[in-house]
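S.K.: What follows is the file run_35.cif, containing mmCIF, C-alpha atoms:
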```cif
data_input
#
loop_
_atom_site.label_atom_id
_atom_site.label_comp_id
_atom_site.auth_asym_id
_atom_site.auth_seq_id
_atom_site.Cartn_x
_atom_site.Cartn_y
_atom_site.Cartn_z
CA MET A 130 7.45 -37.56 11.01
CA LYS A 131 9.49 -34.66 12.34
CA ILE A 132 7.81 -32.74 15.14
CA ARG A 133 7.83 -29.01 14.47
CA PHE A 134 9.52 -26.84 17.05
CA ASP A 135 7.27 -24.51 19.05
CA TYR A 136 8.29 -21.04 17.87
CA THR A 137 5.77 -19.48 20.29
CA SER A 138 7.46 -20.77 23.45
CA ASP A 139 8.47 -18.30 26.15
CA ALA A 140 12.14 -19.02 25.51
CA ILE A 141 11.91 -18.31 21.76
CA LEU A 142 9.81 -15.17 22.23
CA ARG A 143 12.13 -13.80 24.91
CA SER A 144 15.16 -14.53 22.77
CA ALA A 145 13.53 -12.73 19.83
CA ALA A 146 12.55 -9.79 22.04
CA SER A 147 16.15 -9.47 23.25
CA LEU A 148 17.11 -8.47 19.69
CA PHE A 149 15.14 -5.25 20.18
CA PHE A 150 14.86 -4.60 23.94
CA ARG A 151 17.37 -4.84 26.77
CA ASP A 152 16.03 -6.98 29.63
CA PRO A 153 12.29 -6.72 28.80
CA ALA A 154 10.09 -6.97 31.88
CA ASP A 155 7.46 -9.13 30.20
CA VAL A 156 6.92 -10.96 26.89
CA THR A 157 3.45 -12.48 26.39
CA LEU A 158 2.14 -14.35 23.36
CA LEU A 159 -0.69 -12.40 21.73
CA SER A 160 -1.58 -14.60 18.75
CA SER A 161 -0.13 -17.21 16.41
CA SER A 162 -1.03 -19.02 13.23
CA ALA A 163 0.49 -22.04 11.51
CA ARG A 164 -0.38 -22.75 7.90
CA GLU A 165 1.49 -24.61 5.21
CA ALA A 166 4.76 -22.70 4.70
CA ASP A 167 3.38 -19.73 6.64
CA ASP A 168 4.03 -19.47 10.38
CA ARG A 169 3.45 -16.26 12.33
CA ALA A 170 3.36 -15.09 15.92
CA ALA A 171 2.81 -11.81 17.74
CA ALA A 172 3.64 -11.01 21.35
CA THR A 173 3.32 -7.98 23.60
CA VAL A 174 6.55 -6.76 25.11
CA THR A 175 6.76 -4.59 28.20
CA ALA A 176 10.12 -2.84 28.30
CA GLY A 177 11.99 -2.07 31.48
CA ASP A 178 10.57 1.46 31.54
CA GLY A 179 6.99 0.15 31.34
CA ALA A 180 6.42 1.07 27.69
CA ARG A 181 4.51 -1.54 25.64
CA TYR A 182 5.40 -2.81 22.17
CA VAL A 183 4.39 -5.59 19.79
CA LEU A 184 6.93 -8.18 18.67
CA LYS A 185 6.26 -10.16 15.49
CA LEU A 186 7.80 -13.26 13.92
CA ALA A 187 7.05 -14.62 10.46
CA SER A 188 8.32 -17.49 8.36
CA ASN A 189 6.88 -17.40 4.84
CA ALA A 190 7.87 -16.50 1.29
CA PHE A 191 6.50 -12.97 1.30
CA THR A 192 7.82 -11.51 4.58
CA HIS A 193 11.47 -10.49 4.37
CA PRO A 194 13.64 -7.61 5.67
CA ARG A 195 13.48 -5.64 2.40
CA ARG A 196 9.69 -5.73 2.47
CA ILE A 197 9.56 -4.64 6.11
CA GLU A 198 11.97 -1.81 5.34
CA GLY A 199 9.59 -0.80 2.55
CA TRP A 200 6.72 -0.37 5.01
CA THR A 201 8.48 2.63 6.56
CA SER A 202 7.56 4.97 3.67
CA LEU A 203 3.89 3.99 4.01
CA ILE A 204 3.97 4.55 7.78
CA ARG A 205 5.72 7.91 7.42
CA THR A 206 3.24 9.09 4.76
CA ALA A 207 0.21 7.97 6.76
CA ARG A 208 1.35 9.73 9.91
CA ALA A 209 2.03 12.92 7.93
CA MET A 210 -1.63 12.71 6.83
CA GLY A 211 -2.75 12.50 10.45
CA VAL A 212 -3.49 8.76 10.31
CA TYR A 213 -1.82 6.61 12.95
CA MET A 214 0.13 3.56 11.89
CA PRO A 215 2.52 1.97 14.41
CA ALA A 216 6.15 2.95 13.88
CA LEU A 217 8.69 0.18 13.49
CA ILE A 218 11.23 -0.06 16.30
CA PRO A 219 14.88 -0.52 15.30
CA SER A 220 16.69 -3.49 16.77
CA LEU A 221 19.55 -3.00 19.20
CA ALA A 222 21.82 -3.45 16.16
CA GLY A 223 20.01 -0.60 14.38
CA ARG A 224 18.11 -2.71 11.85
CA ILE A 225 14.36 -2.53 11.12
CA ALA A 226 14.13 -6.32 10.89
CA GLU A 227 16.26 -9.20 12.12
CA THR A 228 16.43 -12.77 10.88
CA ARG A 229 17.07 -15.90 12.86
CA GLU A 230 16.78 -19.62 12.33
CA ILE A 231 14.35 -21.59 14.48
CA ASP A 232 14.32 -25.35 14.06
CA GLY A 233 15.97 -25.04 10.65
CA ARG A 234 13.46 -22.49 9.34
CA PRO A 235 14.25 -18.82 8.70
CA PHE A 236 12.13 -16.36 10.66
CA VAL A 237 11.96 -12.59 10.25
CA VAL A 238 11.55 -10.68 13.50
CA TRP A 239 10.47 -7.06 13.94
CA ALA A 240 8.93 -4.80 16.58
CA GLU A 241 6.27 -2.09 16.47
CA GLU A 242 4.72 0.49 18.74
CA PHE A 243 1.69 -0.65 20.70
CA ALA A 244 -1.26 1.25 19.21
CA PRO A 245 -2.86 3.81 21.55
CA TYR A 246 -6.34 3.43 19.99
CA PRO A 247 -8.98 0.69 20.33
CA LEU A 248 -9.76 -1.66 17.46
CA ALA A 249 -13.02 -1.34 15.55
CA GLU A 250 -13.50 -5.06 16.16
CA THR A 251 -11.54 -7.34 18.46
CA GLN A 252 -10.76 -10.96 17.62
CA GLU A 253 -13.22 -11.99 20.35
CA GLU A 254 -16.00 -9.93 18.73
CA TYR A 255 -15.27 -11.13 15.20
CA GLY A 256 -18.47 -11.83 13.27
CA THR A 257 -20.74 -11.66 16.33
CA ASP A 258 -24.12 -9.94 16.63
CA GLY A 259 -22.66 -7.93 19.51
CA TYR A 260 -20.09 -6.39 17.21
CA ARG A 261 -22.63 -5.60 14.51
CA GLU A 262 -24.80 -3.83 17.09
CA LYS A 263 -21.81 -1.87 18.39
CA ASP A 264 -20.74 -0.81 14.90
CA ALA A 265 -24.32 0.11 13.95
CA ALA A 266 -24.37 2.56 16.87
CA ARG A 267 -21.27 4.45 15.68
CA PRO A 268 -21.46 7.74 13.72
CA LYS A 269 -22.87 7.42 10.21
CA SER A 270 -22.07 8.93 6.82
CA PRO A 271 -24.99 10.46 4.88
CA ASP A 272 -25.40 7.19 2.92
CA GLY A 273 -25.92 5.19 6.12
CA CYS A 274 -22.47 3.56 6.19
CA PRO A 275 -20.41 3.85 9.37
CA ALA A 276 -18.45 7.11 9.15
CA TRP A 277 -15.17 5.37 9.92
CA GLN A 278 -15.51 3.31 6.74
CA THR A 279 -15.94 6.41 4.58
CA GLU A 280 -12.99 8.06 6.35
CA LEU A 281 -10.84 4.98 5.72
CA ILE A 282 -11.76 5.08 2.03
CA ARG A 283 -10.68 8.74 1.92
CA PHE A 284 -7.33 7.81 3.48
CA ASN A 285 -6.72 5.15 0.83
CA ALA A 286 -7.67 7.67 -1.85
CA LYS A 287 -5.01 10.02 -0.49
CA LEU A 288 -2.46 7.21 -0.58
CA ALA A 289 -3.40 6.65 -4.22
CA ALA A 290 -2.84 10.34 -4.93
CA ALA A 291 0.56 10.19 -3.19
CA ARG A 292 1.83 7.69 -5.80
CA LEU A 293 4.25 6.14 -3.30
CA PRO A 294 7.04 4.20 -5.02
CA GLY A 295 7.05 0.45 -4.48
CA GLY A 296 9.42 -2.10 -5.88
CA TRP A 297 9.93 -4.01 -2.64
CA GLY A 298 6.73 -6.07 -2.87
CA ILE A 299 3.17 -6.16 -4.18
CA SER A 300 0.09 -5.92 -2.02
CA GLY A 301 -1.80 -9.00 -0.90
CA TYR A 302 -4.65 -7.88 -3.17
CA ALA A 303 -2.57 -7.45 -6.33
CA ARG A 304 -4.16 -8.72 -9.54
CA LEU A 305 -2.55 -10.28 -12.63
CA ALA A 306 0.65 -10.78 -10.62
CA PRO A 307 1.14 -13.78 -8.32
CA PRO A 308 2.37 -13.16 -4.77
CA GLU A 309 5.78 -14.44 -3.85
CA ASP A 310 4.41 -17.69 -2.43
CA ALA A 311 2.08 -18.62 -5.32
CA GLU A 312 1.94 -19.34 -9.05
CA THR A 313 -1.28 -17.40 -9.77
CA ASP A 314 -3.11 -14.42 -8.36
CA GLU A 315 -6.15 -15.03 -6.16
CA ALA A 316 -8.69 -14.51 -8.95
CA GLU A 317 -7.18 -17.27 -11.08
CA GLU A 318 -6.66 -19.44 -8.01
CA THR A 319 -10.40 -19.33 -7.28
CA LEU A 320 -11.22 -20.02 -10.93
CA LEU A 321 -9.07 -23.15 -10.83
CA GLU A 322 -10.68 -24.26 -7.57
CA ALA A 323 -14.16 -23.80 -9.09
CA GLU A 324 -13.07 -25.85 -12.10
CA ARG A 325 -11.79 -28.59 -9.82
CA GLN A 326 -15.20 -28.82 -8.15
CA ILE A 327 -16.90 -29.07 -11.55
CA ARG A 328 -14.53 -31.81 -12.74
CA GLU A 329 -14.78 -33.86 -9.57
CA LYS A 330 -18.44 -33.40 -8.61
CA HIS A 331 -20.34 -32.19 -11.67
CA PRO A 332 -18.62 -33.47 -14.84
CA ALA A 333 -21.89 -33.20 -16.80
CA LEU A 334 -21.48 -29.41 -16.59
CA LEU A 335 -17.94 -29.35 -17.98
CA SER A 336 -18.97 -28.22 -21.46
CA ARG A 337 -20.85 -25.24 -20.08
CA TRP A 338 -17.98 -24.49 -17.70
CA ARG A 339 -15.50 -24.37 -20.58
CA THR A 340 -17.67 -21.78 -22.33
CA LEU A 341 -17.80 -19.65 -19.17
CA ARG A 342 -14.06 -20.02 -18.64
CA ALA A 343 -13.46 -18.81 -22.21
CA HIS A 344 -15.54 -15.68 -21.44
CA TRP A 345 -13.57 -15.21 -18.20
CA GLU A 346 -10.23 -15.49 -20.04
CA GLU A 347 -11.39 -13.05 -22.74
CA ASN A 348 -12.20 -10.51 -20.03
CA ARG A 349 -8.87 -11.19 -18.27
CA ASP A 350 -6.89 -10.71 -21.47
CA ALA A 351 -8.63 -7.40 -22.22
CA LEU A 352 -7.82 -6.28 -18.69
CA ALA A 353 -4.20 -7.43 -19.00
CA SER A 354 -3.71 -5.24 -22.08
CA LEU A 355 -4.48 -2.14 -19.98
CA TYR A 356 -3.24 -3.15 -16.55
CA PRO A 357 0.50 -2.36 -16.85
CA ARG A 358 -0.36 1.27 -17.65
CA LEU A 359 -2.49 1.87 -14.55
CA PRO A 360 -1.06 4.19 -11.86
CA THR A 361 0.10 2.57 -8.65
CA SER A 362 0.89 3.49 -5.06
CA VAL A 363 1.59 1.65 -1.81
CA PHE A 364 -1.32 0.61 0.44
CA GLN A 365 -1.74 -1.14 3.78
CA ALA A 366 -4.16 -3.46 1.91
CA ASP A 367 -5.65 -5.29 4.91
CA TRP A 368 -8.43 -3.00 6.09
CA ASN A 369 -10.70 -5.53 7.76
CA ASP A 370 -12.35 -4.33 10.96
CA THR A 371 -9.89 -6.15 13.23
CA ASN A 372 -7.05 -3.99 11.83
CA VAL A 373 -8.88 -0.64 12.01
CA LEU A 374 -8.19 1.76 14.89
CA LEU A 375 -10.93 4.14 16.01
CA SER A 376 -10.98 7.23 18.18
CA GLU A 377 -13.08 7.16 21.33
CA ASP A 378 -15.96 8.81 19.45
CA GLY A 379 -15.97 6.13 16.76
CA HIS A 380 -14.11 7.81 13.90
CA PHE A 381 -11.24 6.38 11.86
CA ALA A 382 -7.88 6.90 13.57
CA GLY A 383 -5.46 4.46 11.97
CA LEU A 384 -4.48 0.96 10.92
CA ILE A 385 -2.33 -1.87 12.23
CA ASP A 386 -0.88 -4.97 10.52
CA TYR A 387 1.36 -4.52 7.48
CA ASN A 388 1.54 -8.18 6.39
CA LEU A 389 -0.33 -7.52 3.12
CA ALA A 390 1.02 -4.01 2.54
CA GLY A 391 2.64 -3.31 -0.81
CA GLU A 392 2.38 -1.79 -4.25
CA ASP A 393 -0.93 -1.98 -6.10
CA THR A 394 -2.94 -0.12 -8.70
CA ALA A 395 -5.23 2.58 -7.34
CA LEU A 396 -8.07 1.08 -9.35
CA ASN A 397 -7.67 -2.37 -7.84
CA MET A 398 -7.51 -0.98 -4.32
CA ALA A 399 -10.67 1.08 -4.91
CA LEU A 400 -12.67 -1.76 -6.48
CA SER A 401 -11.45 -4.29 -3.90
CA ILE A 402 -12.65 -2.02 -1.10
CA GLY A 403 -15.88 -1.58 -3.03
CA TYR A 404 -16.38 -5.30 -3.53
CA TYR A 405 -15.69 -6.43 0.02
CA ARG A 406 -17.65 -3.59 1.71
CA PHE A 407 -16.06 -4.16 5.16
CA ASN A 408 -18.81 -5.77 7.27
CA ALA A 409 -22.52 -6.50 7.64
CA THR A 410 -23.39 -3.00 8.89
CA ASN A 411 -22.69 -1.54 5.42
CA PRO A 412 -26.16 -1.05 3.83
CA LEU A 413 -24.94 -0.62 0.22
CA THR A 414 -24.79 -3.29 -2.46
CA ALA A 415 -21.31 -4.18 -3.71
CA GLU A 416 -21.75 -2.22 -6.95
CA ALA A 417 -23.18 0.84 -5.18
CA HIS A 418 -20.35 0.74 -2.68
CA ALA A 419 -17.79 0.44 -5.48
CA GLN A 420 -19.29 3.53 -7.12
CA LYS A 421 -18.98 5.40 -3.83
CA VAL A 422 -15.34 4.37 -3.43
CA LEU A 423 -14.51 5.36 -7.01
CA ARG A 424 -16.06 8.82 -6.47
CA ILE A 425 -14.03 9.40 -3.31
CA PHE A 426 -10.81 8.27 -4.98
CA GLY A 427 -11.61 10.57 -7.91
CA GLU A 428 -11.94 13.54 -5.58
CA GLU A 429 -8.33 13.05 -4.49
CA ARG A 430 -6.85 12.25 -7.93
CA ALA A 431 -8.53 12.22 -11.35
CA TRP A 432 -9.06 8.81 -12.94
CA ASN A 433 -7.37 8.58 -16.35
CA ASP A 434 -8.83 7.07 -19.53
CA ASP A 435 -7.07 3.72 -19.06
CA GLU A 436 -8.47 3.37 -15.55
CA ILE A 437 -12.00 4.23 -16.72
CA ALA A 438 -11.74 1.64 -19.51
CA ALA A 439 -10.28 -0.99 -17.17
CA ALA A 440 -12.82 -0.57 -14.34
CA PRO A 441 -15.64 -2.80 -15.71
CA LEU A 442 -13.10 -5.43 -16.77
CA LEU A 443 -11.47 -5.50 -13.34
CA TRP A 444 -14.87 -5.60 -11.64
CA LYS A 445 -15.78 -8.76 -13.56
CA TYR A 446 -12.35 -10.20 -12.79
CA LEU A 447 -13.06 -9.71 -9.07
CA ASN A 448 -16.74 -10.47 -9.08
CA ALA A 449 -17.53 -13.27 -11.54
CA VAL A 450 -15.78 -16.20 -9.85
CA TRP A 451 -14.65 -15.87 -6.26
CA TRP A 452 -14.40 -18.08 -3.21
CA GLY A 453 -18.17 -17.98 -2.66
CA GLU A 454 -18.74 -19.55 -6.06
CA ALA A 455 -16.07 -22.21 -5.48
CA GLU A 456 -17.56 -23.04 -2.07
CA ASP A 457 -21.11 -23.16 -3.44
CA LEU A 458 -20.01 -25.58 -6.17
CA GLU A 459 -18.40 -27.77 -3.52
CA LYS A 460 -21.60 -27.74 -1.44
CA ALA A 461 -23.98 -28.27 -4.38
CA ALA A 462 -26.01 -31.41 -3.77
CA ASP A 463 -26.63 -32.11 -7.47
CA ASP A 464 -26.01 -30.78 -10.96
CA CYS A 465 -29.13 -28.61 -10.88
CA GLU A 466 -27.85 -26.78 -7.81
CA ALA A 467 -24.39 -26.44 -9.35
CA ALA A 468 -25.96 -25.12 -12.57
CA ARG A 469 -27.53 -22.29 -10.58
CA VAL A 470 -24.04 -21.27 -9.46
CA LEU A 471 -22.96 -21.26 -13.11
CA ASP A 472 -26.01 -19.11 -13.90
CA ARG A 473 -24.70 -16.58 -11.40
CA ILE A 474 -21.22 -16.65 -12.92
CA GLU A 475 -22.64 -16.23 -16.42
CA GLU A 476 -24.78 -13.27 -15.35
CA ARG A 477 -21.77 -11.51 -13.84
CA LEU A 478 -19.57 -12.19 -16.85
CA THR A 479 -22.12 -10.91 -19.36
CA GLU A 480 -23.76 -8.04 -17.48
CA SER A 481 -23.11 -4.49 -18.60
CA VAL A 482 -21.09 -2.68 -15.94
CA ASP A 483 -20.07 0.94 -16.42
CA PHE A 484 -18.45 2.97 -13.67
CA ARG A 485 -17.85 5.96 -15.94
CA ASP A 486 -20.31 8.29 -14.17
CA ALA A 487 -18.74 7.50 -10.81
CA MET A 488 -15.21 8.08 -12.12
CA ILE A 489 -15.66 11.34 -14.01
CA GLN A 490 -15.92 14.26 -11.62
CA PRO A 491 -18.60 16.88 -12.42
#
```
Could you write out this file's structure as structure tokens?
M.R.:
Amino acid sequence: MKIRFDYTSDAILRSAASLFFRDPADVTLLSSSAREADDRAAATVTAGDGARYVLKLASNAFTHPRRIEGWTSLIRTARAMGVYMPALIPSLAGRIAETREIDGRPFVVWAEEFAPYPLAETQEEYGTDGYREKDAARPKSPDGCPAWQTELIRFNAKLAAARLPGGWGISGYARLAPPEDAETDEAEETLLEAERQIREKHPALLSRWRTLRAHWEENRDALASLYPRLPTSVFQADWNDTNVLLSEDGHFAGLIDYNLAGEDTALNMALSIGYYRFNATNPLTAEAHAQKVLRIFGEERAWNDDEIAAAPLLWKYLNAVWWGEAEDLEKAADDCEAARVLDRIEERLTESVDFRDAMIQP
């Protein structure tokens, strides 16, 4: 078996940094990840004048120079709104991104400013009680949510209103359109994974599963008939706490990490933010949080009739079968336990969901 070359070595990182900086004083690996057909690395670079930057390398199907060039309009718009997003640093050849081959694989290389604000959550704090306590102590919105979350929602609502042109790539959250490295979107991917668990571990439930899948497909098809007409914009689309920048007093200041940035419907971005709810310090249920997000988006740009009609369909598309359901089916000790997961899916597929009141401004 061929041994993969270490693309995070000092020599490789320094060589990549030399595409953007003359004689950098220091290049230090910050993080790296290696998945199937998706390798990434980030390093801090200290230039000769002492200024700090972040160097990034990626080898995957969805990161390419045209996409990185597309991020510049998002960054420019955000900064004009008073929200910090790190500017991209041109290479010494004047390009936003460079490409180079490492061990026979193409890598894209780019550089960004080093953000001058602290992260809401560091990688070391991720998911810990210490972080939850720290976030719980930050300023609150009237509904009890951390104020920075509400401020971040407002920023995304303003991006939706800006109707930024895309065309260079879809967001990592895009629905009914597969990303460049996949055959299905994530909703259908999770459906297929849930079905695999039923077939392999709980075949006695296959008949019921087929009925539920038919309901899921009926909902998807109704959504698909509306989806191409929904207004779009460009979003950063990766607003987890480890990418959020806060001011010293705990308010939203900006975002880092553009890997998932791209074009998406305003409705999907709003409902995705509503569904995921950031972290454990958010006291609202998913549906209540979605209603809040829809109201804020509606204050910046009016929802149209297609969006109002599509909202309950998209909510079920996001909510009925997701990774939690697939994982619970995998963990189910017997068919009775798996049937309870199917009960949950059925309830979500058949429940009456109407976001109309949240989407129509008084």
S.K.: Atom CA of Arg143 of chain A and atom CA of Ala190 of chain A are how many Å apart?
M.R.: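 Result for atom CA of Arg143 of chain A versus atom CA of Ala190 of chain A: 24.2 Å, one decimal.
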S.K.: Name the residues captured by the PyMOL selection byres ((chain A and resi 237) around 7) when it is applied to the shown file; answer as a list in words.
M.R.: Leu186, Ala187, Ser188, His193, Pro194, Ala226, Glu227, Thr228, Arg229, Pro235, Phe236, Val238 and Trp239 of chain A
S.K.: Tell me which residues the PyMOL selection byres ((chain A and resi 413-429) around 10) grabs here, as a VMD selection string.
M.R.: chain A and resid 272 to 274 279 to 280 282 to 291 395 to 396 398 to 406 409 to 412 430 to 433 440 444 448 482 to 490
S.K.: Go through A:Gln365, A:Ser144, A:Thr394, A:Thr173 and flag the residue nearest Thr157 of chain A, using only C-alpha atoms for the distances.
M.R.: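 Nearest candidate to Thr157 of chain A out of A:Gln365, A:Ser144, A:Thr394, A:Thr173: A:Thr173.
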S.K.: Counting only C-alpha atoms, find residues at most 8 Å from (10.7, -4.8, -4.2) (file frame) and give them as a PyMOL selection string.
M.R.: chain A and resi 195-196+199+295-299
S.K.: Using only C-alpha atoms for the distances, tell me which of A:Pro247, A:Asn388, A:Leu148, A:Glu262 is nearest to Ile225 of chain A.
M.R.: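 Distance minimum relative to Ile225 of chain A lands on A:Leu148.
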S.K.: Quick one: everything within 7 Å of segment 346-349 of chain A, counting all atoms listed in the file, minus sequence neighbours fewer than 3 positions away in the same chain. Send it as a compact mmCIF listing (two decimals) with C-alpha atoms, in the coordinates of the input.
M.R.:
```
# COMPACT_ATOMS: atom_id res chain seq x y z
CA ARG A 342 -14.06 -20.02 -18.64
CA ALA A 343 -13.46 -18.81 -22.21
CA LEU A 352 -7.82 -6.28 -18.69
CA ALA A 353 -4.20 -7.43 -19.00
CA LEU A 442 -13.10 -5.43 -16.77
CA TYR A 446 -12.35 -10.20 -12.79
```
